[in-house]
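Undergrad: Structure file my_file-v4.cif (mmCIF, C-alpha atoms) is given on the next line.
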data_run
loop_
_atom_site.label_atom_id
_atom_site.label_comp_id
_atom_site.auth_asym_id
_atom_site.auth_seq_id
_atom_site.Cartn_x
_atom_site.Cartn_y
_atom_site.Cartn_z
CA MET A 213 123.10 145.86 106.83
CA ALA A 214 122.85 144.90 110.47
CA GLU A 215 124.18 141.86 112.25
CA VAL A 216 121.25 140.08 113.86
CA GLU A 217 120.67 136.81 115.61
CA VAL A 218 118.07 134.42 114.18
CA THR A 219 116.76 131.77 116.55
CA LEU A 220 115.46 128.56 114.97
CA PRO A 221 112.94 126.14 116.45
CA ARG A 222 114.55 122.98 117.79
CA MET A 223 113.24 120.66 115.08
CA LEU A 224 114.68 122.79 112.29
CA ALA A 225 117.99 123.37 114.05
CA ARG A 226 118.48 119.62 114.36
CA LEU A 227 118.14 119.27 110.59
CA VAL A 228 121.24 121.38 110.03
CA ASP A 229 124.15 121.63 112.43
CA GLY A 230 122.15 121.72 115.63
CA ALA A 231 122.85 125.38 116.38
CA ARG A 232 119.63 127.14 117.30
CA VAL A 233 121.05 130.66 116.91
CA VAL A 234 122.50 131.78 113.59
CA THR A 235 124.10 135.21 113.15
CA VAL A 236 123.55 136.88 109.77
CA ASP A 237 123.67 140.31 108.14
CA ALA A 238 120.32 141.66 106.95
CA ARG A 239 118.21 144.76 106.47
CA THR A 240 114.78 143.31 107.30
CA VAL A 241 113.23 140.46 109.23
CA PHE A 242 112.52 138.65 105.97
CA GLY A 243 116.06 139.34 104.78
CA ALA A 244 117.46 137.78 107.95
CA ILE A 245 115.45 134.61 107.43
CA GLU A 246 116.45 134.51 103.78
CA ALA A 247 120.09 134.78 104.83
CA VAL A 248 119.70 131.78 107.13
CA VAL A 249 118.11 129.80 104.32
CA GLU A 250 121.02 130.71 102.05
CA LEU A 251 123.36 129.21 104.63
CA HIS A 252 121.16 126.11 105.09
CA PRO A 253 119.14 125.42 101.91
CA GLU A 254 117.44 122.44 103.56
CA LEU A 255 115.42 124.88 105.68
CA ARG A 256 113.73 126.67 102.78
CA VAL A 257 111.04 124.07 102.23
CA HIS A 258 110.22 124.07 105.95
CA ILE A 259 109.99 127.84 106.49
CA PHE A 260 108.48 128.93 103.16
CA ASP A 261 105.60 127.40 101.26
CA GLU A 262 105.48 126.83 97.50
CA ALA A 263 104.39 130.43 96.94
CA GLY A 264 107.38 131.77 98.84
CA GLU A 265 105.34 132.86 101.84
CA VAL A 266 106.19 131.93 105.42
CA ARG A 267 104.28 128.76 106.23
CA GLU A 268 100.92 129.16 107.91
CA HIS A 269 101.95 127.54 111.18
CA ILE A 270 105.24 129.39 111.61
CA ALA A 271 105.46 132.71 113.40
CA CYS A 272 108.29 135.23 113.11
CA PHE A 273 109.10 137.61 115.96
CA HIS A 274 111.41 140.64 116.06
CA ASN A 275 112.86 141.48 119.48
CA GLY A 276 110.00 139.55 121.01
CA SER A 277 107.18 141.19 119.04
CA ALA A 278 105.22 139.88 116.09
CA ILE A 279 105.81 142.21 113.14
CA SER A 280 105.66 142.22 109.36
CA ARG A 281 108.36 140.47 107.44
CA ASP A 282 109.58 143.74 105.87
CA HIS A 283 110.22 145.36 109.24
CA ALA A 284 113.72 146.84 109.36
CA VAL A 285 116.31 145.36 111.69
CA ALA A 286 119.07 147.12 113.62
CA PRO A 287 122.41 145.79 114.87
CA ASP A 288 122.09 143.16 117.60
CA ASP A 289 118.37 142.68 117.00
CA ARG A 290 116.87 139.25 117.52
CA VAL A 291 114.67 137.45 115.01
CA THR A 292 112.90 134.33 116.24
CA VAL A 293 111.35 131.70 113.99
CA LEU A 294 108.75 130.01 116.11
CA GLN A 295 106.67 126.88 115.75
CA ALA A 296 103.10 128.07 116.15
CA VAL A 297 101.04 126.70 119.01
CA SER A 298 98.93 124.44 116.84
CA GLY A 299 98.68 120.77 116.11
CA GLY A 300 99.23 117.99 118.64
CA MET B 256 117.53 85.19 107.45
CA ALA B 257 118.35 88.76 108.40
CA VAL B 258 115.80 91.56 108.15
CA THR B 259 115.94 95.30 108.71
CA LEU B 260 112.64 97.09 109.24
CA GLY B 261 111.84 100.77 109.04
CA ILE B 262 109.10 101.76 111.46
CA GLY B 263 107.75 105.20 110.60
CA THR B 264 105.58 106.95 113.17
CA ILE B 265 104.07 110.37 113.66
CA LYS B 266 106.96 111.25 115.99
CA GLY B 267 109.97 109.75 114.23
CA ALA B 268 111.41 106.50 112.92
CA TRP B 269 112.76 103.41 114.58
CA ILE B 270 114.92 100.78 112.93
CA ALA B 271 114.48 97.14 113.95
CA ARG B 272 117.12 94.57 113.03
CA SER B 273 117.08 90.80 113.38
CA GLU B 274 119.40 88.02 112.26
CA ASP B 275 116.79 85.31 112.78
CA ARG B 276 113.47 87.18 112.67
CA GLU B 277 112.98 86.15 116.28
CA HIS B 278 115.24 88.42 118.30
CA TRP B 279 115.27 92.12 117.46
CA THR B 280 117.41 95.11 118.28
CA LEU B 281 115.97 98.58 118.02
CA THR B 282 117.45 102.02 117.36
CA GLY B 283 115.64 105.33 117.41
CA PRO B 284 113.95 107.62 117.40
CA HIS B 285 115.57 108.83 114.21
CA LEU B 286 114.34 112.10 112.69
CA LYS B 287 112.82 112.72 116.10
CA GLY B 288 109.67 114.79 116.11
CA TRP B 289 108.96 114.38 112.41
CA GLU B 290 106.28 112.12 111.03
CA VAL B 291 108.07 109.53 108.92
CA THR B 292 105.56 108.79 106.23
CA THR B 293 107.40 106.19 104.17
CA PHE B 294 110.78 104.65 103.42
CA GLY B 295 112.59 103.68 100.24
CA ARG B 296 115.87 102.53 98.76
CA ALA B 297 117.73 104.53 96.14
CA PRO B 298 119.38 102.83 93.16
CA ASN B 299 122.78 103.29 94.85
CA ALA B 300 121.37 101.50 97.95
CA ASP B 301 121.01 104.68 100.02
CA TYR B 302 118.16 104.44 102.48
CA LEU B 303 115.46 107.05 102.01
CA ALA B 304 112.86 108.38 104.41
CA SER B 305 110.22 111.00 103.86
CA THR B 306 109.07 113.25 106.63
CA GLY B 307 106.04 115.42 107.10
CA SER B 308 104.95 117.99 109.62
CA THR B 309 101.90 120.09 110.33
CA TRP B 310 104.20 123.07 110.73
CA TYR B 311 107.11 122.48 108.38
CA GLY B 312 105.92 120.52 105.37
CA ALA B 313 107.39 117.44 103.70
CA ALA B 314 110.95 116.49 102.76
CA ILE B 315 113.14 113.55 101.79
CA HIS B 316 116.18 112.37 103.74
CA ARG B 317 118.96 109.94 102.83
CA SER B 318 121.20 107.74 104.90
CA GLU B 319 123.97 105.29 104.16
CA ASP B 320 123.89 103.58 107.55
CA LEU B 321 120.41 104.21 109.02
CA GLU B 322 122.08 106.24 111.76
CA SER B 323 123.10 109.53 110.16
CA TRP B 324 120.45 111.24 108.01
CA SER B 325 120.76 114.27 105.74
CA GLN B 326 117.91 116.09 104.07
CA TYR B 327 117.70 116.93 100.39
CA PRO B 328 116.85 120.64 99.97
CA ASP B 329 114.32 120.13 97.20
CA PRO B 330 111.44 117.66 97.48
CA PRO B 331 109.01 117.04 94.59
CA LYS B 332 107.20 120.21 93.54
CA HIS B 333 104.16 120.58 91.33
CA ALA B 334 104.53 122.77 88.27
CA ASP B 335 101.35 124.63 89.21
CA ASP B 336 100.00 125.92 92.51
CA ARG B 337 99.24 122.50 93.97
CA LYS B 338 101.08 122.09 97.27
CA LEU B 339 103.17 119.24 98.58
CA ALA B 340 101.19 118.04 101.58
CA ARG B 341 102.83 114.64 102.07
CA ILE B 342 105.13 112.13 100.44
CA TRP B 343 103.28 108.83 100.46
CA THR B 344 105.57 106.41 98.71
CA LEU B 345 109.09 106.07 97.31
CA ALA B 346 109.43 103.18 94.87
CA THR B 347 112.58 102.40 92.90
CA ASN B 348 112.57 100.77 89.49
CA ASN B 349 116.02 100.25 87.98
CA ASP B 350 117.77 103.64 88.04
CA THR B 351 114.69 105.72 88.77
CA ILE B 352 112.93 106.57 92.02
CA TYR B 353 109.20 107.23 91.76
CA GLY B 354 107.65 109.44 94.40
CA GLY B 355 103.92 109.47 95.00
CA VAL B 356 102.67 112.52 96.86
CA ALA B 357 99.70 114.51 98.05
CA GLU B 358 98.29 116.70 96.58
CA ALA B 359 98.14 113.79 94.19
CA GLY B 360 101.07 113.62 91.85
CA LEU B 361 103.80 111.35 90.61
CA PHE B 362 107.44 112.42 90.33
CA THR B 363 110.67 110.75 89.25
CA SER B 364 114.27 111.20 90.32
CA ASP B 365 117.25 109.89 88.39
CA ASP B 366 119.85 111.12 90.87
CA GLY B 367 118.93 109.26 94.01
CA GLY B 368 116.29 111.66 95.28
CA ALA B 369 118.05 115.04 95.04
CA ASN B 370 116.05 116.37 92.10
CA TRP B 371 112.55 115.50 90.91
CA GLU B 372 110.56 115.87 87.72
CA GLY B 373 106.82 115.62 87.46
CA VAL B 374 105.23 112.83 85.46
CA ASP B 375 103.11 115.14 83.36
CA GLY B 376 101.03 112.42 81.74
CA LEU B 377 99.52 111.69 85.14
CA ASN B 378 99.90 115.00 86.99
CA GLN B 379 98.26 116.89 84.10
CA HIS B 380 95.78 114.12 83.27
CA GLU B 381 92.65 115.45 81.66
CA SER B 382 90.60 114.16 84.60
CA GLN B 383 92.82 115.86 87.20
CA PRO B 384 90.69 118.99 87.70
CA HIS B 385 87.91 116.66 88.88
CA TRP B 386 89.99 114.69 91.41
CA GLN B 387 88.62 114.86 94.96
CA PRO B 388 90.36 113.84 98.21
CA GLY B 389 89.41 111.08 100.61
CA LEU B 390 89.78 111.33 104.37
CA GLY B 391 93.53 110.81 104.08
CA GLY B 392 93.90 113.51 101.47
CA LEU B 393 94.28 113.46 97.71
CA ALA B 394 97.15 111.02 97.64
CA ALA B 395 99.18 109.11 95.06
CA HIS B 396 100.18 106.41 97.51
CA ARG B 397 101.27 103.28 95.64
CA ILE B 398 103.33 102.67 92.52
CA LEU B 399 103.80 99.18 91.08
CA PHE B 400 105.95 97.86 88.24
CA SER B 401 105.96 94.73 86.15
CA ARG B 402 109.21 92.81 85.92
CA SER B 403 108.12 91.11 82.74
CA ASP B 404 106.83 94.26 81.05
CA PRO B 405 108.97 97.30 81.94
CA SER B 406 106.65 99.63 80.08
CA ARG B 407 103.73 98.85 82.40
CA ILE B 408 103.31 100.94 85.60
CA TRP B 409 100.36 101.37 87.94
CA CYS B 410 99.69 104.29 90.27
CA ALA B 411 96.97 104.26 92.94
CA ILE B 412 95.40 107.57 93.89
CA SER B 413 92.74 108.01 96.53
CA ALA B 414 89.96 108.89 96.16
CA VAL B 415 90.43 108.80 92.40
CA GLY B 416 91.37 105.26 91.40
CA VAL B 417 94.06 103.17 89.75
CA PHE B 418 95.83 104.52 86.67
CA ARG B 419 97.97 102.44 84.35
CA SER B 420 100.64 103.38 81.88
CA ASP B 421 101.66 101.00 79.11
CA ASP B 422 104.39 103.22 77.72
CA GLY B 423 106.70 103.68 80.66
CA GLY B 424 104.83 106.58 82.20
CA SER B 425 104.14 108.88 79.24
CA THR B 426 100.40 108.33 79.10
CA TRP B 427 98.00 107.08 81.76
CA HIS B 428 94.48 105.69 81.76
CA SER B 429 91.99 105.03 84.53
CA ARG B 430 91.64 101.28 85.18
CA ASN B 431 88.77 100.74 87.61
CA ASP B 432 85.93 98.95 85.80
CA GLY B 433 84.07 96.67 88.18
CA VAL B 434 85.00 98.61 91.31
CA THR B 435 82.24 100.32 93.30
CA LYS B 436 82.63 104.07 93.33
CA VAL B 437 82.64 106.02 96.58
CA ALA B 438 82.17 109.42 94.96
CA PRO B 439 79.31 109.02 92.50
CA SER B 440 79.45 111.44 89.63
CA GLU B 441 77.33 111.05 86.56
CA ASP B 442 79.65 113.01 84.34
CA ARG B 443 82.92 111.25 85.27
CA GLY B 444 82.71 107.49 85.13
CA ASP B 445 86.48 107.02 85.21
CA ILE B 446 87.29 108.52 88.62
CA GLY B 447 85.85 108.57 92.15
CA PHE B 448 87.30 105.20 93.24
CA CYS B 449 88.87 105.10 96.68
CA VAL B 450 91.71 102.64 96.31
CA HIS B 451 93.47 102.07 99.63
CA CYS B 452 96.29 99.78 98.51
CA ILE B 453 97.32 97.53 95.62
CA THR B 454 99.76 94.69 95.17
CA ASN B 455 100.71 92.71 92.13
CA ASP B 456 102.41 89.61 90.80
CA PRO B 457 105.65 91.11 89.55
CA LYS B 458 106.10 88.20 87.13
CA ASP B 459 102.70 88.61 85.52
CA PRO B 460 101.78 92.03 84.09
CA ASN B 461 98.07 91.22 84.34
CA ARG B 462 97.51 90.13 87.92
CA LEU B 463 96.85 92.64 90.72
CA TRP B 464 94.94 92.68 93.96
CA ARG B 465 93.31 95.67 95.57
CA GLN B 466 92.09 96.68 99.03
CA ASP B 467 89.60 99.38 98.23
CA HIS B 468 87.35 101.50 100.40
CA SER B 469 84.47 99.54 98.88
CA GLY B 470 85.94 96.04 99.23
CA VAL B 471 88.65 93.64 98.09
CA TYR B 472 89.18 93.05 94.36
CA ARG B 473 91.46 91.36 91.85
CA THR B 474 92.15 91.74 88.19
CA THR B 475 93.59 89.28 85.70
CA ASP B 476 93.82 91.73 82.83
CA GLY B 477 96.11 94.37 84.25
CA GLY B 478 93.28 96.41 85.70
CA ASP B 479 90.98 96.57 82.70
CA SER B 480 88.34 94.85 84.82
CA TRP B 481 88.10 94.03 88.53
CA GLU B 482 86.05 91.46 90.45
CA ARG B 483 85.23 91.24 94.14
CA ILE B 484 87.09 88.59 96.18
CA GLU B 485 85.61 88.66 99.68
CA ASN B 486 84.64 85.02 100.30
CA GLY B 487 85.44 84.30 103.95
CA LEU B 488 86.23 87.85 105.04
CA PRO B 489 84.36 89.20 108.10
CA ALA B 490 84.45 92.70 106.60
CA ALA B 491 85.49 94.11 103.26
CA PHE B 492 86.93 97.41 104.50
CA GLY B 493 90.62 97.73 105.31
CA PHE B 494 93.79 99.50 104.30
CA PRO B 495 96.86 97.38 103.41
CA ILE B 496 97.12 94.38 101.16
CA THR B 497 100.39 92.57 100.61
CA ARG B 498 101.58 89.42 98.88
CA HIS B 499 104.33 86.89 99.47
CA HIS B 500 105.40 86.44 95.88
CA HIS B 501 107.15 83.07 96.35
CA SER B 502 104.07 81.30 97.74
CA GLY B 503 101.48 83.64 96.27
CA ARG B 504 99.83 84.08 99.67
CA LEU B 505 97.86 87.30 100.08
CA PHE B 506 97.36 89.18 103.35
CA VAL B 507 94.64 91.66 104.35
CA VAL B 508 93.43 93.07 107.66
CA PRO B 509 89.64 93.52 107.65
CA LEU B 510 88.19 96.44 109.57
CA GLU B 511 84.58 97.03 110.50
CA SER B 512 83.09 99.36 107.89
CA ASP B 513 84.19 102.76 106.76
CA GLU B 514 82.24 104.36 109.61
CA TYR B 515 84.07 102.53 112.42
CA ARG B 516 87.41 101.41 110.96
CA MET B 517 88.22 99.06 113.85
CA PRO B 518 89.08 95.35 113.98
CA VAL B 519 85.84 93.40 113.81
CA GLY B 520 84.61 92.63 117.32
CA GLY B 521 87.77 94.04 118.87
CA ARG B 522 89.89 91.20 117.51
CA LEU B 523 92.80 92.13 115.28
CA GLU B 524 92.92 89.45 112.61
CA VAL B 525 94.94 88.92 109.47
CA TYR B 526 93.21 87.03 106.69
CA VAL B 527 95.19 85.12 104.10
CA SER B 528 94.36 83.65 100.72
CA ASP B 529 96.28 80.85 99.01
CA ASP B 530 94.11 80.79 95.90
CA ASP B 531 94.63 84.30 94.54
CA GLY B 532 91.75 85.70 96.58
CA GLU B 533 89.14 83.09 95.71
CA SER B 534 88.74 82.41 99.44
CA TRP B 535 90.10 83.79 102.69
CA LYS B 536 90.79 82.33 106.12
CA THR B 537 91.98 83.85 109.35
CA SER B 538 95.63 83.36 110.16
CA SER B 539 95.95 85.25 113.40
CA ASP B 540 97.39 83.02 116.14
CA GLY B 541 99.37 85.18 118.48
CA LEU B 542 97.70 88.47 117.66
CA PRO B 543 96.21 90.27 120.66
CA VAL B 544 92.51 90.17 121.45
CA ASP B 545 90.55 93.17 122.69
CA THR B 546 92.38 95.36 120.23
CA TYR B 547 90.72 98.27 118.52
CA ALA B 548 93.50 99.56 116.28
CA GLY B 549 94.67 98.29 112.92
CA PRO B 550 97.31 99.10 110.31
CA LEU B 551 97.24 102.03 107.90
CA ARG B 552 97.81 101.50 104.18
CA ASP B 553 101.63 101.77 104.25
CA ALA B 554 102.07 99.90 107.54
CA MET B 555 102.28 96.32 106.29
CA ASP B 556 105.10 94.75 104.29
CA CYS B 557 106.47 91.35 103.32
CA ASP B 558 110.17 90.45 103.35
CA GLN B 559 109.85 88.06 100.36
CA LEU B 560 112.18 85.51 101.97
CA ASP B 561 111.41 81.84 101.35
CA ALA B 562 109.50 81.48 104.61
CA GLY B 563 107.48 84.63 104.30
CA GLY B 564 107.89 87.27 106.95
CA VAL B 565 105.11 89.81 107.19
CA TYR B 566 105.26 92.89 109.38
CA MET B 567 102.53 95.32 110.37
CA GLY B 568 102.26 98.32 112.63
CA THR B 569 99.06 99.69 114.10
CA THR B 570 97.69 103.10 114.86
CA ALA B 571 98.08 102.17 118.55
CA GLY B 572 101.83 101.81 118.09
CA ALA B 573 102.19 98.02 118.15
CA VAL B 574 104.35 96.04 115.71
CA HIS B 575 103.28 92.48 114.92
CA TRP B 576 105.18 90.07 112.71
CA THR B 577 105.19 86.51 111.45
CA ARG B 578 108.15 84.58 110.11
CA ASP B 579 106.12 81.64 108.80
CA GLY B 580 103.63 83.22 106.46
CA GLY B 581 101.09 84.02 109.15
CA GLU B 582 100.86 80.72 111.02
CA GLN B 583 102.06 82.38 114.20
CA TRP B 584 102.26 86.09 115.00
CA HIS B 585 104.52 87.85 117.48
CA THR B 586 104.56 91.34 118.96
CA LEU B 587 107.51 93.62 119.67
CA PRO B 588 107.63 94.55 123.36
CA HIS B 589 107.46 98.25 122.55
CA THR B 590 104.73 100.82 122.17
CA PHE B 591 105.50 103.34 119.47
CA PRO B 592 103.62 106.47 118.49
CA ARG B 593 100.91 105.98 115.85
CA ILE B 594 102.58 104.01 113.05
CA SER B 595 102.36 105.43 109.54
CA SER B 596 104.68 103.06 107.72
CA ILE B 597 106.37 99.68 108.01
CA THR B 598 108.94 98.90 105.33
CA VAL B 599 111.31 95.97 104.86
CA LEU B 600 114.57 97.78 104.11
CA ASP B 601 116.86 94.74 103.92
CA ALA B 602 116.11 91.01 103.77
CA ASN B 603 118.60 88.30 102.99
#
How would this structure read if it were set down as structure tokens?

TA:
Amino acid sequence: MAEVEVTLPRMLARLVDGARVVTVDARTVFGAIEAVVELHPELRVHIFDEAGEVREHIACFHNGSAISRDHAVAPDDRVTVLQAVSGG
Amino acid sequence: MAVTLGIGTIKGAWIARSEDREHWTLTGPHLKGWEVTTFGRAPNADYLASTGSTWYGAAIHRSEDLESWSQYPDPPKHADDRKLARIWTLATNNDTIYGGVAEAGLFTSDDGGANWEGVDGLNQHESQPHWQPGLGGLAAHRILFSRSDPSRIWCAISAVGVFRSDDGGSTWHSRNDGVTKVAPSEDRGDIGFCVHCITNDPKDPNRLWRQDHSGVYRTTDGGDSWERIENGLPAAFGFPITRHHHSGRLFVVPLESDEYRMPVGGRLEVYVSDDDGESWKTSSDGLPVDTYAGPLRDAMDCDQLDAGGVYMGTTAGAVHWTRDGGEQWHTLPHTFPRISSITVLDAN
């Protein structure tokens, strides 16, 4: 397990306690996001769709690069949940 | 006569309060950045608001004071792979909240909105595999109850039609005879009706009125048969229809055809009927001219006070209201984002 920082988009952060960066222990990018959702269950419906997949218009980055959700994380890595550039 | 209004827009909610329905104070934006698609009241008097987002999906929030909002983790969820695209309506009947959603479905909550169960008799209706969406999606957008007959419930789904249950929601039947279909299908005579909004006489389980894609209708047999009521209207297309139950006055906002969907001739007009829809007349003094935006289906509501207050919001972000049943209209001095919903939250 590695301690990583997960950055939330502003709209989702405001739904919980307002903190945009949440520190969690995880092994993968997906595990880090799951850990954040465990802390804040209200976020699950906004990040994952009914099939359990990350929503179509949300992007997840690892240390600034787009990668698969099963990519392993190392201590002090950064995971960013990003609102896709779509919509108006 | 004090009124609290919820104004839901594509970028958040505003709350308007008035002690006299003349002077208003405004707070907001609440739930900033989220489309607020509708409001409701829980049985315990909590305020409810549903949000939607292109990116983040739909959810339900509660508030005790209209200032601090908290989100329930679990919104309604279909039992199959149908997705929750939007929450269109939250209607409370006794101890139960009914939620109408897209992709079309009806759900109930007996704990104030925290947990939801599907109404299988409608969600798994034998016609459901044939349901097709309208421009606004495949939406269960209006639920009505009868005070005199608790077992009778109506649910309006576009572009499918009106369904009625006579056993408290266990079984449902299409009730659209007499309405012109918008999605002709030879093999399914019971669906393909694009109902935009319905209202009813809560004291009479047989009387409803309907603004449909194809025109304005009424029924005097609970929906078994419908007849057109368009005498005096400049156009039959429109979205909301509401009723002041004390006087019986009906309100619609005609728009020019389904192709254009704008106030006829650039004049936003409300038409009223005092004879159950037999005839209509304009009642629009005070409404702006040279206006090309009207209200969506959930953006008109009546406060049901003795002197009827009616409130509507437009897609151009204006809020108009009357405190005398439509004799004179007024406009809030604010421009909001596109308005999705106007709901009377308190009136006394």

Undergrad: Set out as a tab-separated table a contact list for chain B and chain A with a cut-off of 7 Å, giving each residue of chain B that qualifies its closest atom pair and distance in Å to one decimal, counting all atoms listed in the file, ordered by chain and rising residue number.

TA:
residue	atom	partner	partner_atom	distance
B:Gly288	CA	A:Met223	CA	6.9
B:Thr309	CA	A:Gly299	CA	6.7
B:Trp310	CA	A:His269	CA	5.0
B:Tyr311	CA	A:His258	CA	4.3
B:Gly312	CA	A:His258	CA	5.6
B:Gln326	CA	A:Glu254	CA	6.4
B:Tyr327	CA	A:Glu254	CA	6.4
B:Pro328	CA	A:Glu254	CA	4.1
B:Lys338	CA	A:Glu262	CA	6.5

Undergrad: Just say which residues the PyMOL selection byres ((chain B and resi 549) around 12) picks in this file, as an NGL selection string.

TA: :B and (492-495 or 507-511 or 515-519 or 521-525 or 542-548 or 550-555 or 567-575 or 593-595)

Undergrad: What would the selection look like, as a list in words, if the PyMOL selection byres ((chain B and resi 529-536) around 9) were run on the coordinates I just shared?

TA: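 Selected by the PyMOL selection byres ((chain B and resi 529-536) around 9) in this file: Trp464, Val471, Tyr472, Arg473, Arg483, Ile484, Glu485, Asn486, Gly487, Leu488, Ser502, Gly503, Arg504, Leu505, Val525, Tyr526, Val527, Ser528, Thr537 and Ser538 of chain B.
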
Undergrad: To verify the selection step, state as a list in words which residues the PyMOL selection byres ((chain B and resi 439-451) around 6) yields on this input.

TA: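 For this structure, the PyMOL selection byres ((chain B and resi 439-451) around 6) captures Ser413, Ala414, Val415, Gly416, Ser429, Lys436, Val437, Ala438, Cys452, Gln466, Asp467, His468 and Phe494 of chain B.
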
Undergrad: Using C-alpha atoms, can you export the residues from the last selection as a PDB file, in the coordinates of the input?

TA:
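To be explicit, this is the file written out as out-v2.pdb:
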ATOM      1  CA  SER B 413      92.740 108.010  96.530  1.00  0.00           C
ATOM      2  CA  ALA B 414      89.960 108.890  96.160  1.00  0.00           C
ATOM      3  CA  VAL B 415      90.430 108.800  92.400  1.00  0.00           C
ATOM      4  CA  GLY B 416      91.370 105.260  91.400  1.00  0.00           C
ATOM      5  CA  SER B 429      91.990 105.030  84.530  1.00  0.00           C
ATOM      6  CA  LYS B 436      82.630 104.070  93.330  1.00  0.00           C
ATOM      7  CA  VAL B 437      82.640 106.020  96.580  1.00  0.00           C
ATOM      8  CA  ALA B 438      82.170 109.420  94.960  1.00  0.00           C
ATOM      9  CA  CYS B 452      96.290  99.780  98.510  1.00  0.00           C
ATOM     10  CA  GLN B 466      92.090  96.680  99.030  1.00  0.00           C
ATOM     11  CA  ASP B 467      89.600  99.380  98.230  1.00  0.00           C
ATOM     12  CA  HIS B 468      87.350 101.500 100.400  1.00  0.00           C
ATOM     13  CA  PHE B 494      93.790  99.500 104.300  1.00  0.00           C
TER      14      PHE B 494
END

Undergrad: Could you work out how far atom CA of Arg290 of chain A lies from atom CA of Thr219 of chain A, giving the answer in Å with one decimal?

TA: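 Between these atoms lies a distance of 7.5 Å.
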
Undergrad: Starting from the point (112.8, 141.6, 107.9), work out which residues of protein, DNA or RNA have an atom no more than 9 Å away when counting all atoms listed in the file; state them as a PyMOL selection string.

TA: chain A and resi 238-246+274+279-285+291

Undergrad: When you draw a straight line from atom CA of Leu390 of chain B to atom CA of Val356 of chain B, how long is it in Å?

TA: 15.0 Å

Undergrad: Taking N, CA and C atoms as the atom set, what does segment 471-482 of chain B look like once completed, written as a compact mmCIF listing (two decimals), in the coordinates of the input?

TA:
# COMPACT_ATOMS: atom_id res chain seq x y z
N VAL B 471 87.40 94.25 98.55
CA VAL B 471 88.65 93.64 98.09
C VAL B 471 88.41 93.10 96.67
N TYR B 472 89.35 93.37 95.79
CA TYR B 472 89.18 93.05 94.36
C TYR B 472 90.46 92.43 93.79
N ARG B 473 90.31 91.80 92.62
CA ARG B 473 91.46 91.36 91.85
C ARG B 473 91.18 91.61 90.37
N THR B 474 92.26 91.64 89.64
CA THR B 474 92.15 91.74 88.19
C THR B 474 93.10 90.74 87.56
N THR B 475 92.70 90.19 86.45
CA THR B 475 93.59 89.28 85.70
C THR B 475 93.89 89.84 84.31
N ASP B 476 93.53 91.11 84.12
CA ASP B 476 93.82 91.73 82.83
C ASP B 476 94.48 93.10 83.02
N GLY B 477 95.32 93.16 84.04
CA GLY B 477 96.11 94.37 84.25
C GLY B 477 95.34 95.54 84.80
N GLY B 478 94.09 95.32 85.17
CA GLY B 478 93.28 96.41 85.70
C GLY B 478 92.15 96.82 84.78
N ASP B 479 92.08 96.23 83.62
CA ASP B 479 90.98 96.57 82.70
C ASP B 479 89.63 96.27 83.35
N SER B 480 89.58 95.19 84.12
CA SER B 480 88.34 94.85 84.82
C SER B 480 88.70 94.24 86.17
N TRP B 481 87.87 94.50 87.16
CA TRP B 481 88.10 94.03 88.53
C TRP B 481 86.89 93.22 88.99
N GLU B 482 87.15 92.22 89.86
CA GLU B 482 86.05 91.46 90.45
C GLU B 482 86.27 91.37 91.95
